[in-house]
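Asks: Following this line is coords.cif, made up of mmCIF, C-alpha atoms and all ligand atoms:
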data_model
loop_
_atom_site.label_atom_id
_atom_site.label_comp_id
_atom_site.auth_asym_id
_atom_site.auth_seq_id
_atom_site.Cartn_x
_atom_site.Cartn_y
_atom_site.Cartn_z
CA MET A 1 6.20 4.77 -2.08
CA PRO A 2 2.75 4.31 -0.57
CA GLU A 3 2.46 1.35 1.82
CA LEU A 4 -0.57 -0.35 3.35
CA PRO A 5 -1.78 2.68 5.41
CA GLU A 6 -1.48 5.10 2.48
CA VAL A 7 -3.28 2.70 0.11
CA GLU A 8 -5.96 2.07 2.75
CA THR A 9 -6.42 5.84 3.09
CA ILE A 10 -6.98 6.14 -0.66
CA ALA A 11 -9.32 3.09 -0.69
CA ARG A 12 -11.35 4.63 2.13
CA ALA A 13 -11.63 7.96 0.31
CA LEU A 14 -12.84 6.21 -2.86
CA ARG A 15 -15.25 4.01 -0.92
CA GLU A 16 -16.75 6.62 1.37
CA GLY A 17 -16.04 9.88 -0.45
CA ILE A 18 -14.13 12.79 1.03
CA PRO A 19 -16.10 15.40 3.02
CA GLY A 20 -16.04 18.50 0.87
CA GLY A 21 -14.13 16.62 -1.86
CA GLY A 22 -14.75 13.74 -4.22
CA PRO A 23 -17.92 11.64 -3.83
CA SER A 24 -17.93 7.87 -3.31
CA LEU A 25 -17.03 5.71 -6.27
CA VAL A 26 -19.31 2.86 -5.18
CA GLY A 27 -22.45 2.59 -7.31
CA ARG A 28 -20.98 4.66 -10.15
CA THR A 29 -21.06 3.41 -13.72
CA ILE A 30 -17.95 3.54 -15.89
CA GLN A 31 -19.14 4.85 -19.24
CA SER A 32 -15.77 4.78 -20.99
CA VAL A 33 -12.05 5.08 -20.34
CA GLN A 34 -9.44 7.34 -21.86
CA VAL A 35 -6.02 5.72 -21.92
CA LEU A 36 -3.44 8.50 -21.98
CA TRP A 37 -0.40 6.35 -21.15
CA PRO A 38 -0.98 2.79 -22.45
CA ARG A 39 1.97 1.25 -20.58
CA GLU A 40 0.15 1.62 -17.27
CA ILE A 41 -2.21 -1.17 -18.38
CA ALA A 42 -0.38 -4.32 -17.38
CA ASN A 43 -2.36 -7.15 -18.93
CA LEU A 44 -4.45 -6.00 -21.90
CA ALA A 45 -4.12 -3.94 -25.05
CA PRO A 46 -5.69 -0.49 -24.48
CA ALA A 47 -8.56 -1.07 -26.91
CA GLU A 48 -9.45 -4.39 -25.27
CA PHE A 49 -9.19 -2.81 -21.81
CA ALA A 50 -11.52 0.00 -22.87
CA ARG A 51 -14.00 -2.36 -24.51
CA ARG A 52 -14.24 -4.73 -21.56
CA ILE A 53 -14.69 -2.09 -18.85
CA ALA A 54 -17.27 0.12 -20.60
CA GLY A 55 -20.66 -0.09 -18.88
CA ALA A 56 -19.35 -1.67 -15.67
CA CYS A 57 -20.72 -0.57 -12.31
CA VAL A 58 -18.36 -0.19 -9.33
CA ARG A 59 -19.70 -2.44 -6.59
CA SER A 60 -16.83 -2.31 -4.07
CA VAL A 61 -13.49 -0.70 -3.28
CA SER A 62 -11.04 -2.67 -1.17
CA ARG A 63 -7.34 -3.22 -0.64
CA TYR A 64 -4.98 -6.19 -0.46
CA GLY A 65 -1.39 -5.45 0.54
CA LYS A 66 -0.47 -2.38 -1.49
CA TYR A 67 -3.05 -3.10 -4.23
CA LEU A 68 -6.36 -1.33 -4.67
CA LEU A 69 -9.20 -3.58 -5.83
CA LEU A 70 -12.32 -2.30 -7.52
CA GLY A 71 -15.05 -4.94 -7.77
CA LEU A 72 -17.08 -4.36 -10.96
CA ASP A 73 -20.41 -5.66 -12.19
CA LEU A 74 -21.04 -5.81 -15.87
CA PRO A 75 -24.60 -6.56 -17.00
CA GLY A 76 -24.68 -9.88 -18.88
CA ASP A 77 -21.09 -10.69 -17.97
CA GLY A 78 -19.29 -12.30 -15.02
CA PRO A 79 -17.60 -10.39 -12.20
CA LEU A 80 -14.64 -8.26 -13.15
CA SER A 81 -11.94 -6.72 -10.97
CA LEU A 82 -9.81 -3.68 -11.62
CA LEU A 83 -6.56 -3.86 -9.66
CA ILE A 84 -4.33 -0.84 -9.28
CA HIS A 85 -0.80 -0.60 -7.88
CA LEU A 86 0.21 3.00 -7.24
CA ARG A 87 3.96 2.23 -7.08
CA MET A 88 6.00 5.44 -6.62
CA SER A 89 3.70 8.33 -7.32
CA GLY A 90 0.23 7.13 -8.37
CA ARG A 91 -2.92 8.58 -6.91
CA LEU A 92 -6.61 8.15 -7.63
CA ASP A 93 -9.34 10.74 -7.25
CA VAL A 94 -12.99 11.08 -8.16
CA VAL A 95 -13.27 14.53 -9.73
CA PRO A 96 -15.63 16.51 -11.98
CA ARG A 97 -14.96 15.62 -15.62
CA SER A 98 -13.85 19.17 -16.27
CA ALA A 99 -10.96 18.62 -13.82
CA ALA A 100 -9.97 15.15 -15.04
CA PHE A 101 -7.35 15.88 -17.65
CA THR A 102 -4.40 17.14 -15.62
CA PRO A 103 -0.80 17.03 -16.98
CA HIS A 104 0.01 13.77 -15.16
CA ALA A 105 -3.33 12.00 -15.78
CA ARG A 106 -2.52 8.57 -17.28
CA LEU A 107 -5.97 6.93 -17.24
CA VAL A 108 -9.33 8.64 -16.90
CA TRP A 109 -12.49 6.60 -16.39
CA LEU A 110 -15.55 8.68 -17.33
CA LEU A 111 -18.39 8.06 -14.87
CA ASP A 112 -22.05 8.89 -14.74
CA GLY A 113 -23.01 12.14 -13.01
CA ASP A 114 -20.44 14.13 -15.03
CA LEU A 115 -17.68 12.67 -12.85
CA ALA A 116 -14.40 10.94 -13.61
CA LEU A 117 -11.97 8.64 -11.82
CA ARG A 118 -8.53 10.03 -12.52
CA PHE A 119 -5.28 8.08 -12.19
CA ASP A 120 -2.51 10.64 -11.85
CA ASP A 121 1.01 9.27 -11.95
CA ALA A 122 3.89 11.70 -12.44
CA ARG A 123 6.56 8.99 -12.54
CA LYS A 124 4.58 6.49 -14.64
CA PHE A 125 5.46 3.40 -12.57
CA GLY A 126 1.83 2.68 -11.61
CA ARG A 127 0.07 -0.34 -13.10
CA VAL A 128 -3.55 -1.44 -13.59
CA TRP A 129 -4.98 -4.87 -14.41
CA LEU A 130 -8.50 -5.84 -15.52
CA VAL A 131 -9.16 -9.48 -14.63
CA GLY A 132 -11.95 -11.94 -13.92
CA ASP A 133 -10.27 -13.22 -10.77
CA PRO A 134 -7.99 -11.01 -8.60
CA ALA A 135 -5.87 -14.09 -7.82
CA GLU A 136 -4.43 -13.76 -11.33
CA VAL A 137 -2.53 -10.72 -9.99
CA ILE A 138 -2.30 -11.10 -6.23
CA GLY A 139 -2.48 -14.88 -5.91
CA SER A 140 1.25 -15.20 -5.21
CA LEU A 141 1.25 -12.66 -2.37
CA GLY A 142 1.43 -13.63 1.27
CA PRO A 143 -1.45 -12.86 3.63
CA ASP A 144 -2.35 -9.20 4.05
CA ALA A 145 -0.35 -7.66 6.90
CA LEU A 146 -3.52 -6.58 8.72
CA SER A 147 -5.45 -9.82 8.17
CA VAL A 148 -2.76 -12.39 8.99
CA THR A 149 -3.39 -14.09 12.34
CA ARG A 150 -0.77 -14.18 15.06
CA GLU A 151 -0.40 -17.97 14.74
CA GLN A 152 -0.03 -17.73 10.97
CA PHE A 153 2.53 -14.93 11.26
CA VAL A 154 4.64 -16.58 13.96
CA SER A 155 4.80 -19.93 12.19
CA ARG A 156 5.63 -18.33 8.82
CA LEU A 157 8.29 -16.13 10.43
CA ARG A 158 10.02 -18.87 12.34
CA ALA A 159 10.28 -21.00 9.19
CA ARG A 160 12.42 -18.39 7.43
CA ARG A 161 16.20 -18.20 7.49
CA GLY A 162 16.58 -14.65 6.16
CA ALA A 163 17.05 -11.40 8.09
CA LEU A 164 13.97 -9.64 9.43
CA LYS A 165 14.13 -6.44 7.40
CA PRO A 166 14.17 -7.96 3.90
CA LEU A 167 11.61 -10.53 5.01
CA LEU A 168 9.13 -7.85 6.08
CA LEU A 169 9.56 -6.18 2.68
CA ASP A 170 8.97 -9.49 0.86
CA GLN A 171 5.35 -9.27 -0.35
CA THR A 172 5.15 -13.06 -0.65
CA PHE A 173 5.78 -13.29 3.11
CA VAL A 174 3.21 -10.70 4.17
CA ALA A 175 1.70 -8.10 1.85
CA GLY A 176 1.53 -4.38 2.56
CA ILE A 177 4.68 -3.46 4.48
CA GLY A 178 7.34 -1.21 2.91
CA ASN A 179 10.49 0.50 4.13
CA ILE A 180 8.89 2.98 6.53
CA TYR A 181 6.56 0.67 8.42
CA ALA A 182 9.18 -2.13 8.52
CA ASP A 183 11.68 0.16 10.28
CA GLU A 184 9.03 1.53 12.66
CA ALA A 185 7.69 -1.93 13.55
CA LEU A 186 11.16 -3.36 14.23
CA HIS A 187 11.96 -0.44 16.55
CA LEU A 188 8.68 -0.83 18.41
CA ALA A 189 9.34 -4.58 18.75
CA ARG A 190 12.95 -3.87 19.89
CA LEU A 191 14.36 -6.23 17.25
CA HIS A 192 17.49 -5.61 15.19
CA PRO A 193 16.70 -5.53 11.44
CA GLN A 194 19.44 -8.08 10.75
CA ARG A 195 18.18 -10.67 13.23
CA ILE A 196 17.54 -14.02 11.50
CA ALA A 197 13.79 -14.68 11.47
CA ALA A 198 14.11 -18.33 12.51
CA SER A 199 16.19 -17.30 15.57
CA LEU A 200 13.33 -15.39 17.19
CA ALA A 201 11.87 -16.76 20.39
CA GLU A 202 8.10 -17.20 20.48
CA ASP A 203 7.61 -14.00 22.52
CA GLU A 204 9.84 -11.98 20.17
CA ALA A 205 7.86 -13.14 17.14
CA ALA A 206 4.60 -12.26 18.91
CA ARG A 207 6.05 -8.84 19.80
CA LEU A 208 6.86 -8.21 16.14
CA TYR A 209 3.34 -9.23 15.11
CA GLU A 210 1.79 -6.80 17.58
CA ALA A 211 4.23 -4.03 16.58
CA ILE A 212 3.37 -4.39 12.89
CA ARG A 213 -0.35 -4.17 13.64
CA ARG A 214 0.14 -1.15 15.84
CA VAL A 215 2.23 0.90 13.40
CA LEU A 216 -0.08 0.05 10.49
CA LEU A 217 -3.22 0.95 12.45
CA GLU A 218 -1.63 4.15 13.74
CA GLY A 219 -0.62 4.95 10.17
CA ILE A 220 -4.21 4.47 8.97
CA ALA A 221 -5.55 6.57 11.85
CA ALA A 222 -3.18 9.36 10.75
CA ASN A 223 -4.34 9.02 7.09
CA GLY A 224 -0.93 7.61 6.23
CA ALA A 225 2.31 9.50 5.90
CA SER A 226 2.78 12.42 3.51
CA PHE A 227 6.04 12.28 1.60
CA ASP A 228 5.68 15.13 -0.86
CA TRP A 229 3.00 16.81 -2.91
CA VAL A 230 1.71 13.43 -4.11
CA TYR A 231 0.15 12.33 -0.83
CA PRO A 232 -1.03 15.39 1.04
CA GLY A 233 -3.14 15.14 4.14
CA GLY A 234 -1.54 12.30 6.11
CA ASN A 235 0.51 13.10 9.18
CA PHE A 236 2.01 9.81 10.36
CA GLN A 237 5.48 11.18 9.48
CA GLU A 238 5.20 13.23 12.68
CA ASN A 239 5.15 9.94 14.64
CA PHE A 240 8.23 8.38 13.06
CA LYS A 241 10.55 7.01 15.76
CA VAL A 242 13.42 5.88 13.50
CA TYR A 243 12.58 6.32 9.81
CA GLY A 244 14.52 9.28 8.38
CA ARG A 245 15.82 10.21 11.86
CA THR A 246 19.48 9.20 11.43
CA GLY A 247 21.66 10.81 14.14
CA ARG A 248 18.71 12.08 16.18
CA SER A 249 17.98 10.75 19.67
CA CYS A 250 15.94 7.60 20.13
CA SER A 251 12.70 8.62 21.86
CA ALA A 252 12.99 5.58 24.15
CA CYS A 253 16.65 5.77 25.27
CA GLY A 254 18.42 8.81 23.78
CA THR A 255 20.92 6.84 21.66
CA PRO A 256 21.46 8.36 18.19
CA ILE A 257 19.47 6.53 15.52
CA ALA A 258 21.73 4.61 13.13
CA ARG A 259 21.31 4.04 9.41
CA ILE A 260 22.59 0.99 7.55
CA VAL A 261 21.83 -0.50 4.15
CA ILE A 262 20.29 -3.98 4.10
CA ALA A 263 19.43 -5.61 0.78
CA GLN A 264 19.91 -2.22 -0.89
CA ARG A 265 17.31 -0.55 1.31
CA SER A 266 18.19 2.13 3.81
CA THR A 267 17.35 0.94 7.30
CA HIS A 268 17.00 3.01 10.47
CA PHE A 269 17.25 1.58 13.99
CA CYS A 270 18.35 2.24 17.55
CA PRO A 271 21.56 0.31 18.37
CA THR A 272 20.64 0.24 22.09
CA CYS A 273 16.95 -0.70 21.92
CA GLN A 274 17.50 -3.11 19.04
CA PRO A 275 20.67 -5.12 19.85
CA LEU A 276 21.89 -7.67 17.32
CA ALA A 277 23.40 -10.12 19.81
CA ILE A 278 21.27 -11.80 22.44
ZN ZN B 1 16.70 3.41 21.83
#
For the file at hand, write its structure as structure tokens.
Ligand SMILES: [Zn+2]

Replies:
Amino acid sequence: MPELPEVETIARALREGIPGGGPSLVGRTIQSVQVLWPREIANLAPAEFARRIAGACVRSVSRYGKYLLLGLDLPGDGPLSLLIHLRMSGRLDVVPRSAAFTPHARLVWLLDGDLALRFDDARKFGRVWLVGDPAEVIGSLGPDALSVTREQFVSRLRARRGALKPLLLDQTFVAGIGNIYADEALHLARLHPQRIAASLAEDEAARLYEAIRRVLLEGIAANGASFDWVYPGGNFQENFKVYGRTGRSCSACGTPIARIVIAQRSTHFCPTCQPLAI
């Protein structure tokens, strides 16, 4: 599942265009939308969705947590936002109209310039919302994992009684972290995934904050991680220290990486670098 760095990579491609690939989406006008799989629209009937978005101009592309946000301007109407959650397999590309209708295309926005914004989603878990105020969708999320301040993070963390791993995955705590970057950040911070958040000393909490920032920024610099054919191009998987490395040597100490299941999520860590007891 794409996490903050993968979603940021897609947001950047849509915002700035891809050299030799799709052009920027910013400034384009949505002429109409073809809804090929209505269930991907989370909050409106397909006809209403199509009616409200027709004629809108894309003014911005941003990200919050794992959500993509397209800021739209509609002449004679208030601001409108299109929010997209890619979930398991969604991807978004600006393509020539002639290339828009692929077998897994679920929504196709027809743009000016003979272009289209295509939402491909083989597994059909992706969701889109068209709203006046993004808070209708993301208002209950915690602060974005790259925007939260150290003070904010440390005080939120030390108020929680749960274990670190499920807490990092809880999007109402901080938004954007998933299984991969949680495991990598905990290893970098030398903290056991089952440590109780409220038990962390001030310096341990600060270490976790810095580790999260570092793995997310390294992930973005590597264009995210590529899992399969869905997200080609990223290479952060080559930097994984623990994720998916069960039984292989820890790069810091040589101990075999262990795998346990916490809150139904597979969790990878180094038993030496990340001791449970202190
Ligand atoms: Zn180790």

Asks: Collect all residues with atoms no farther than 8 Å from ligand ZN 1 (chain B), counting only C-alpha atoms and all ligand atoms, and output them as JSON, numbers by chain.

Replies: {"A": [249, 250, 251, 252, 253, 254, 255, 256, 257, 270, 271, 272, 273, 274]}

Asks: Counting only C-alpha atoms, which residues of region 6-49 of chain A sit at most 10 Å from some atom of region 167-186 of chain A, and what is each one's closest atom pair with its distance in Å to one decimal, listed by chain and rising residue number, as CSV?

Replies:
residue,atom,partner,partner_atom,distance
A:Glu6,CA,A:Gly176,CA,9.9
A:Val7,CA,A:Gly176,CA,8.9
A:Glu8,CA,A:Gly176,CA,9.9

Asks: At a cut-off of 8 Å, can you tabulate as JSON lines every residue of region 113-172 of chain A near region 85-103 of chain A together with its closest atom pair and the distance in Å to one decimal, using only C-alpha atoms and ordering rows by chain then number?

Replies:
{"residue": "A:Asp114", "atom": "CA", "partner": "A:Arg97", "partner_atom": "CA", "distance": 5.7}
{"residue": "A:Leu115", "atom": "CA", "partner": "A:Pro96", "partner_atom": "CA", "distance": 4.4}
{"residue": "A:Ala116", "atom": "CA", "partner": "A:Arg97", "partner_atom": "CA", "distance": 5.1}
{"residue": "A:Leu117", "atom": "CA", "partner": "A:Val94", "partner_atom": "CA", "distance": 4.5}
{"residue": "A:Arg118", "atom": "CA", "partner": "A:Asp93", "partner_atom": "CA", "distance": 5.4}
{"residue": "A:Phe119", "atom": "CA", "partner": "A:Leu92", "partner_atom": "CA", "distance": 4.8}
{"residue": "A:Asp120", "atom": "CA", "partner": "A:Arg91", "partner_atom": "CA", "distance": 5.4}
{"residue": "A:Asp121", "atom": "CA", "partner": "A:Gly90", "partner_atom": "CA", "distance": 4.2}
{"residue": "A:Ala122", "atom": "CA", "partner": "A:Ser89", "partner_atom": "CA", "distance": 6.1}
{"residue": "A:Arg123", "atom": "CA", "partner": "A:Ser89", "partner_atom": "CA", "distance": 6.0}
{"residue": "A:Lys124", "atom": "CA", "partner": "A:Ser89", "partner_atom": "CA", "distance": 7.6}
{"residue": "A:Phe125", "atom": "CA", "partner": "A:Arg87", "partner_atom": "CA", "distance": 5.8}
{"residue": "A:Gly126", "atom": "CA", "partner": "A:Leu86", "partner_atom": "CA", "distance": 4.7}
{"residue": "A:Arg127", "atom": "CA", "partner": "A:His85", "partner_atom": "CA", "distance": 5.3}
{"residue": "A:Val128", "atom": "CA", "partner": "A:His85", "partner_atom": "CA", "distance": 6.4}

Asks: Around the point (23.8, -6.6, 16.8) in the file's coordinates, collect all residues with an atom within 10 Å, using all atoms listed in the file, and return them as an MDAnalysis selection string.

Replies: chainID A and resid 191:195 271:272 274:278

Asks: Figure out the distance between CA of Val58 (chain A) and CA of Gly78 (chain A), please, to one decimal in Å.

Replies: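 Interatomic distance here is 13.4 Å.
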
Asks: So which residues touch Gly162 (chain A) within 10 Å, counting only C-alpha atoms, skipping near sequence neighbours fewer than 4 positions away, as a PyMOL selection string?

Replies: chain A and resi 157-158+166-167+194-199

Asks: Compare A:Tyr243, A:Trp109, A:Tyr209, A:Trp129 by their minimum atom-to-atom distance to Leu146 (chain A), counting only C-alpha atoms, and give me the closest one.

Replies: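 Going through A:Tyr243, A:Trp109, A:Tyr209, A:Trp129 one by one, the smallest distance to Leu146 (chain A) is for A:Tyr209.
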
Asks: When you draw a straight line from CA of Asp73 (chain A) to CA of Arg59 (chain A), how long is it in Å?

Replies: 6.5 Å

Asks: Find the spatial neighbours of region 35-37 of chain A, counting all atoms listed in the file, within a cut-off of 9 Å - ignore same-chain residues fewer than 2 positions away - and output them as a compact mmCIF listing (two decimals) with C-alpha atoms, in the frame of the given file.

Replies:
# COMPACT_ATOMS: atom_id res chain seq x y z
CA VAL A 33 -12.05 5.08 -20.34
CA ARG A 39 1.97 1.25 -20.58
CA GLU A 40 0.15 1.62 -17.27
CA ILE A 41 -2.21 -1.17 -18.38
CA PRO A 46 -5.69 -0.49 -24.48
CA ALA A 47 -8.56 -1.07 -26.91
CA ALA A 50 -11.52 0.00 -22.87
CA ALA A 105 -3.33 12.00 -15.78
CA ARG A 106 -2.52 8.57 -17.28
CA LEU A 107 -5.97 6.93 -17.24
CA VAL A 108 -9.33 8.64 -16.90
CA TRP A 109 -12.49 6.60 -16.39
CA LYS A 124 4.58 6.49 -14.64

Asks: Which residues are close to Arg150 (chain A), i.e. within 10 Å by only C-alpha atoms, leaving aside same-chain residues fewer than 2 positions away? Reply as a list in words.

Replies: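 Here the answer would be Ser147, Val148, Gln152, Phe153, Val154, Ser155, Arg156, Ala205, Ala206, Arg207, Leu208, Tyr209 and Glu210 of chain A.
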
Asks: Considering only C-alpha atoms, can you say which of A:Ala201, A:Thr29, A:Glu238, A:Ile212 comes closest to Ile53 (chain A)?

Replies: A:Thr29

Asks: Using only C-alpha atoms, list the residues that have an atom at most 7 Å from (-13.0, -2.8, -5.9), coordinates as in the file, as a PyMOL selection string.

Replies: chain A and resi 58-62+68-72+81-82

Asks: CA of Asn43 (chain A) and CA of Gly132 (chain A) are how many Å apart?

Replies: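 Pair CA of Asn43 (chain A) / CA of Gly132 (chain A) returns 11.8 Å.
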
Asks: For a quick check of understanding, using only C-alpha atoms, which of A:Val215, A:Leu130, A:Leu141, A:Leu4 has the smallest distance to Arg63 (chain A)?

Replies: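 Selected residue with least distance to Arg63 (chain A): A:Leu4.
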
Asks: Let me make sure I understand: among A:Gly76, A:Gly65, A:Phe240, A:Ser24, which one has the smallest atom-to-atom distance to Gly113 (chain A) if we use only C-alpha atoms?

Replies: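 The shortest atom-to-atom distance to Gly113 (chain A) comes from A:Ser24.
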
Asks: Would you please work out which residue, of A:Val242, A:Ala211, A:Ala225, A:Ile18, is nearest to Ala258 (chain A) when using all atoms listed in the file?

Replies: A:Val242

Asks: Of the residues A:Arg259, A:Arg28, A:Arg15, A:Arg161, which is the one nearest to Leu110 (chain A), using only C-alpha atoms?

Replies: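 Closest candidate: A:Arg28.
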
Asks: Edge lengths and centre in Å to one decimal, as JSON, is what I'm after for the box along x, y and z that holds all listed atoms of region 53-60 of chain A once 3 Å is added on each side.

Replies:
{"center_x": -17.7, "center_y": -1.2, "center_z": -12.3, "size_x": 12.0, "size_y": 8.6, "size_z": 22.5}

Asks: Kindly write region 120-132 of chain A with N, CA and C atoms to a file, as a tab-separated table (two decimals), in the first residue's frame.

Replies:
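part-v7.tsv, written as the output of this step:
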chain	number	residue	atom	x	y	z
A	120	ASP	N	-6.25	4.55	-12.38
A	120	ASP	CA	-6.15	3.11	-12.58
A	120	ASP	C	-6.18	2.46	-11.21
A	121	ASP	N	-6.94	1.39	-11.06
A	121	ASP	CA	-6.99	0.74	-9.75
A	121	ASP	C	-7.41	-0.71	-9.91
A	122	ALA	N	-6.41	-1.58	-10.07
A	122	ALA	CA	-6.68	-2.99	-10.35
A	122	ALA	C	-7.55	-3.62	-9.25
A	123	ARG	N	-7.28	-3.28	-8.00
A	123	ARG	CA	-7.99	-3.97	-6.91
A	123	ARG	C	-9.24	-3.24	-6.42
A	124	LYS	N	-9.50	-2.07	-6.97
A	124	LYS	CA	-10.77	-1.35	-6.73
A	124	LYS	C	-11.01	-0.91	-5.29
A	125	PHE	N	-9.95	-0.75	-4.50
A	125	PHE	CA	-10.12	-0.27	-3.13
A	125	PHE	C	-9.98	1.26	-3.04
A	126	GLY	N	-9.52	1.90	-4.09
A	126	GLY	CA	-9.30	3.34	-4.08
A	126	GLY	C	-10.62	4.08	-3.91
A	127	ARG	N	-10.53	5.31	-3.38
A	127	ARG	CA	-11.73	6.12	-3.17
A	127	ARG	C	-11.46	7.57	-3.52
A	128	VAL	N	-12.49	8.25	-4.07
A	128	VAL	CA	-12.39	9.68	-4.34
A	128	VAL	C	-13.60	10.40	-3.71
A	129	TRP	N	-13.35	11.64	-3.30
A	129	TRP	CA	-14.39	12.48	-2.70
A	129	TRP	C	-14.33	13.84	-3.39
A	130	LEU	N	-15.50	14.43	-3.65
A	130	LEU	CA	-15.57	15.80	-4.14
A	130	LEU	C	-16.30	16.61	-3.08
A	131	VAL	N	-15.58	17.57	-2.48
A	131	VAL	CA	-16.13	18.29	-1.32
A	131	VAL	C	-15.80	19.78	-1.42
A	132	GLY	N	-16.56	20.58	-0.67
A	132	GLY	CA	-16.26	22.00	-0.58
A	132	GLY	C	-15.08	22.24	0.35
